[in-house]
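Participant: Handing you a structure now.
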Amino acid sequence: MYYYILTKQPIYYKIYYKWEFCVLKNNGIEKVKNSPLFLRGDIAIYLLVIIIVLGLFLFPLLGNKTVNSSGFCVLVENKKAVTFYNDKTLLVENDFIDLVETQKNQSGYFVKIYSHDKKGYNVIFFDTTNLTAKVVESNCSASKDCVHFPELKDKGTIYCAPHQLKISILENGGFTPPIAGGI
Amino acid sequence: MKNKRVFKLALAGLFASLATITFTLESLFPPIIIPGARMGLSNVFILLTALTLGYGYGVAVLAVKTLLGSLFSGNISALMYSLPSGLIALTVQILLFYNIKKVSLLAVSVLGAVVNIVLQNIVFCLITKTIEYLAYSPYLALIGVISGVIVGLCVYTVIKKSPQSLTLYNKGEKN
């Protein structure tokens, strides 16, 4: 009778029984207590880990090349907010004018960008002499990952996940700023 | 032990709170070399729960840890990429450890940590559309190896040294 019920179950019941047989055991403690730190089967797993690590080292070869930068571009939620050009001009887009505060210093610009609810902010520092960008202050999370990113000069991007703010490099030959009074 | 279910539930709650505390404390320190990289030492309690109480309790503790930890550290968007990768890593660890005979806890823990940290990075890149961060993944995998060794040694020592009376409740009974 029991066997009949088992065979007439739909397919996901069979999958669940298989799953229960493979995963929901409780001999974990006994297995750990009776085994040493190294067994023969470990060699295969360590080899797999080494292959994974070596395989991942192919990724940096594909990208992450240095580019000839002509400035930096700040995107908030995939919309362009602020652009800094290497000729020391700063451009704030129309949609973000009431969300951005700028402050000019001898060494560069401090740009404070608020999020849409005006609670979160990031302060970005654009250095006008060395032509670098860095997030100097933020209230995004306790760990403040975006502040710990290295200075942006000719490669990489800075990303702040809670505020969806991304600072990337403007490549040379892309968009060039219009010159006032030019033809 | 009269009421085993209550005992197991209380133990799972204790492990969940310990994991959350570890996660929150860890997020206060600056990252190691790579932005956003952490050791993931709270996985000690998740692996311990999954081994001593069962897979279901392990998943529950993982969910509580990621939810509360990301709420406390103020980074709710981290939930999207840390929960699925943690779940996959835990399942891989448990499947390997229970179903292959000649495999020790240390190797399983190392593989789980590497899978966890690399999957997190890949999911992060896919969600935020920042493909250039894939370049970090080999270094993240190396951090994962170190953290996996630490986690594996911790869990091994705890289970090996704890007295038999603490683990008797699990004997001869189904989850």
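Just remember, in the structure tokens the first chain shown is A, the second B, etc., residues are 1-based per chain, and ligands are 1-based in the order shown.
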Up to 7 Å from chain A, what residues of chain B turn up? Count only C-alpha atoms and give them as a CSV table (one decimal) with C-alpha atoms, in the first residue's frame.
Facilitator:
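And here's part21.csv as it stands now:
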```csv
chain,number,residue,atom,x,y,z
B,27,SER,CA,30.9,45.3,8.6
B,28,LEU,CA,32.3,48.1,10.9
B,29,PHE,CA,35.9,47.3,10.0
B,30,PRO,CA,37.4,48.7,6.8
B,35,PRO,CA,36.5,47.4,-1.6
B,36,GLY,CA,33.6,45.6,0.0
B,51,LEU,CA,25.8,20.3,10.9
B,52,THR,CA,24.5,20.0,14.4
B,54,GLY,CA,20.1,20.0,10.3
B,55,TYR,CA,20.0,21.7,6.9
B,73,SER,CA,24.5,47.9,8.7
B,74,GLY,CA,22.1,50.0,6.6
B,75,ASN,CA,22.8,48.2,3.3
B,77,SER,CA,20.6,46.2,-1.3
B,94,ILE,CA,26.1,19.9,2.8
B,95,LEU,CA,25.7,17.8,-0.3
B,99,ASN,CA,27.3,12.1,0.3
B,102,LYS,CA,36.4,10.4,1.9
B,103,VAL,CA,35.9,14.2,2.3
B,104,SER,CA,36.9,16.2,5.4
B,106,LEU,CA,38.1,21.6,6.1
B,107,ALA,CA,38.1,21.0,2.3
B,111,LEU,CA,35.2,25.2,-1.4
B,132,GLU,CA,34.5,45.7,-14.7
B,134,LEU,CA,34.7,40.8,-12.4
B,135,ALA,CA,38.4,41.6,-12.5
B,137,SER,CA,37.1,37.9,-8.5
B,138,PRO,CA,40.4,36.0,-8.4
B,141,ALA,CA,38.6,33.8,-4.3
B,156,TYR,CA,36.0,21.3,13.5
B,159,ILE,CA,32.4,19.9,17.3
B,160,LYS,CA,35.4,17.8,18.3
```
Participant: Report as a list in words all protein, DNA and RNA residues lying within 9 Å of Lys8 of chain B, evaluated on only C-alpha atoms, omitting residues in the same chain fewer than 4 positions from it.
Facilitator: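 My reading of the contact set: Asn3, Lys4, Ala12, Gly13, Leu53, Tyr57 and Tyr169 of chain B.
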Participant: Determine which residues of chain B DSSP labels as alpha helix (DSSP H) from the backbone of this structure, then write them out as JSON, numbers by chain.
Facilitator: {"B": [4, 5, 6, 7, 8, 9, 10, 11, 12, 13, 14, 15, 16, 17, 18, 19, 20, 21, 22, 23, 24, 25, 26, 27, 28, 43, 44, 45, 46, 47, 48, 49, 50, 51, 52, 55, 56, 57, 58, 59, 60, 61, 62, 63, 64, 65, 66, 67, 68, 69, 70, 71, 72, 78, 79, 80, 81, 82, 83, 84, 85, 86, 87, 88, 89, 90, 91, 92, 93, 94, 95, 96, 97, 98, 99, 105, 106, 107, 108, 109, 110, 111, 112, 113, 114, 115, 116, 117, 118, 119, 120, 121, 122, 123, 124, 125, 126, 127, 128, 137, 138, 139, 140, 141, 142, 143, 144, 145, 146, 147, 148, 149, 150, 151, 152, 153, 154, 155, 156, 157, 158, 159, 160, 161, 164, 165, 166, 167]}
Participant: Need the shell around Phe72 of chain B: protein/DNA/RNA residues with any atom at most 12 Å away, counting only C-alpha atoms. Skip same-chain ones fewer than 2 positions apart. Format as a list in words?
Facilitator: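 Surrounding residues, per the criterion: Ser141, Ala142 and Ser143 of chain A; Thr20, Ile21, Thr22, Phe23, Thr24, Leu25, Glu26, Ser27, Leu28, Val64, Lys65, Thr66, Leu67, Leu68, Gly69, Ser70, Gly74, Asn75, Ile76, Ala78 and Leu79 of chain B.
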Participant: Keeping only N, CA and C atoms, write the selected residues as a PDB file, in the first residue's frame.
Facilitator:
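Printed below is again-v9.pdb as written:
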```
ATOM      1  N   SER A 141      26.155  53.341   4.394  1.00  0.00           N
ATOM      2  CA  SER A 141      25.976  52.191   5.275  1.00  0.00           C
ATOM      3  C   SER A 141      27.060  52.253   6.334  1.00  0.00           C
ATOM      4  N   ALA A 142      26.990  51.320   7.275  1.00  0.00           N
ATOM      5  CA  ALA A 142      27.971  51.347   8.367  1.00  0.00           C
ATOM      6  C   ALA A 142      29.380  51.077   7.862  1.00  0.00           C
ATOM      7  N   SER A 143      29.500  50.265   6.798  1.00  0.00           N
ATOM      8  CA  SER A 143      30.840  49.900   6.350  1.00  0.00           C
ATOM      9  C   SER A 143      31.434  50.935   5.397  1.00  0.00           C
TER      10      SER A 143
ATOM     11  N   THR B  20      24.479  37.074  13.572  1.00  0.00           N
ATOM     12  CA  THR B  20      24.144  38.466  13.267  1.00  0.00           C
ATOM     13  C   THR B  20      25.138  39.426  13.906  1.00  0.00           C
ATOM     14  N   ILE B  21      25.505  39.136  15.165  1.00  0.00           N
ATOM     15  CA  ILE B  21      26.457  40.010  15.868  1.00  0.00           C
ATOM     16  C   ILE B  21      27.807  39.998  15.143  1.00  0.00           C
ATOM     17  N   THR B  22      28.268  38.815  14.752  1.00  0.00           N
ATOM     18  CA  THR B  22      29.554  38.723  14.052  1.00  0.00           C
ATOM     19  C   THR B  22      29.518  39.498  12.745  1.00  0.00           C
ATOM     20  N   PHE B  23      28.411  39.319  12.005  1.00  0.00           N
ATOM     21  CA  PHE B  23      28.259  39.997  10.707  1.00  0.00           C
ATOM     22  C   PHE B  23      28.283  41.520  10.891  1.00  0.00           C
ATOM     23  N   THR B  24      27.544  42.012  11.906  1.00  0.00           N
ATOM     24  CA  THR B  24      27.459  43.452  12.110  1.00  0.00           C
ATOM     25  C   THR B  24      28.796  44.031  12.552  1.00  0.00           C
ATOM     26  N   LEU B  25      29.488  43.304  13.472  1.00  0.00           N
ATOM     27  CA  LEU B  25      30.797  43.779  13.920  1.00  0.00           C
ATOM     28  C   LEU B  25      31.784  43.814  12.762  1.00  0.00           C
ATOM     29  N   GLU B  26      31.705  42.793  11.902  1.00  0.00           N
ATOM     30  CA  GLU B  26      32.636  42.694  10.792  1.00  0.00           C
ATOM     31  C   GLU B  26      32.441  43.847   9.805  1.00  0.00           C
ATOM     32  N   SER B  27      31.186  44.274   9.635  1.00  0.00           N
ATOM     33  CA  SER B  27      30.929  45.319   8.648  1.00  0.00           C
ATOM     34  C   SER B  27      31.403  46.680   9.139  1.00  0.00           C
ATOM     35  N   LEU B  28      31.783  46.798  10.429  1.00  0.00           N
ATOM     36  CA  LEU B  28      32.272  48.081  10.929  1.00  0.00           C
ATOM     37  C   LEU B  28      33.739  48.298  10.579  1.00  0.00           C
ATOM     38  N   VAL B  64      18.020  34.673   8.551  1.00  0.00           N
ATOM     39  CA  VAL B  64      17.926  35.658   9.637  1.00  0.00           C
ATOM     40  C   VAL B  64      19.173  36.528   9.667  1.00  0.00           C
ATOM     41  N   LYS B  65      20.344  35.889   9.496  1.00  0.00           N
ATOM     42  CA  LYS B  65      21.602  36.638   9.548  1.00  0.00           C
ATOM     43  C   LYS B  65      21.695  37.665   8.437  1.00  0.00           C
ATOM     44  N   THR B  66      21.356  37.264   7.201  1.00  0.00           N
ATOM     45  CA  THR B  66      21.496  38.217   6.090  1.00  0.00           C
ATOM     46  C   THR B  66      20.478  39.338   6.216  1.00  0.00           C
ATOM     47  N   LEU B  67      19.240  38.997   6.628  1.00  0.00           N
ATOM     48  CA  LEU B  67      18.195  40.029   6.724  1.00  0.00           C
ATOM     49  C   LEU B  67      18.539  41.035   7.818  1.00  0.00           C
ATOM     50  N   LEU B  68      18.775  40.532   9.050  1.00  0.00           N
ATOM     51  CA  LEU B  68      19.035  41.443  10.168  1.00  0.00           C
ATOM     52  C   LEU B  68      20.367  42.154  10.004  1.00  0.00           C
ATOM     53  N   GLY B  69      21.394  41.426   9.524  1.00  0.00           N
ATOM     54  CA  GLY B  69      22.702  42.032   9.367  1.00  0.00           C
ATOM     55  C   GLY B  69      22.688  43.174   8.369  1.00  0.00           C
ATOM     56  N   SER B  70      21.973  42.974   7.234  1.00  0.00           N
ATOM     57  CA  SER B  70      21.954  44.056   6.241  1.00  0.00           C
ATOM     58  C   SER B  70      21.078  45.202   6.719  1.00  0.00           C
ATOM     59  N   GLY B  74      22.680  48.934   7.447  1.00  0.00           N
ATOM     60  CA  GLY B  74      22.095  49.953   6.593  1.00  0.00           C
ATOM     61  C   GLY B  74      22.312  49.741   5.118  1.00  0.00           C
ATOM     62  N   ASN B  75      22.525  48.514   4.703  1.00  0.00           N
ATOM     63  CA  ASN B  75      22.797  48.243   3.291  1.00  0.00           C
ATOM     64  C   ASN B  75      21.845  47.145   2.804  1.00  0.00           C
ATOM     65  N   ILE B  76      20.564  47.537   2.613  1.00  0.00           N
ATOM     66  CA  ILE B  76      19.540  46.531   2.318  1.00  0.00           C
ATOM     67  C   ILE B  76      19.746  45.929   0.935  1.00  0.00           C
ATOM     68  N   ALA B  78      22.292  44.818  -0.221  1.00  0.00           N
ATOM     69  CA  ALA B  78      23.205  43.672  -0.137  1.00  0.00           C
ATOM     70  C   ALA B  78      22.435  42.369  -0.051  1.00  0.00           C
ATOM     71  N   LEU B  79      21.174  42.445   0.359  1.00  0.00           N
ATOM     72  CA  LEU B  79      20.348  41.240   0.514  1.00  0.00           C
ATOM     73  C   LEU B  79      20.204  40.501  -0.801  1.00  0.00           C
TER      74      LEU B  79
END
```
Participant: Counting only C-alpha atoms, figure out which residue out of B:Ser17, B:Leu48, B:Leu83, B:Ala89 gets nearest to Leu153 of chain B.
Facilitator: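 Using only C-alpha atoms, Leu153 of chain B sits closest to B:Leu48.
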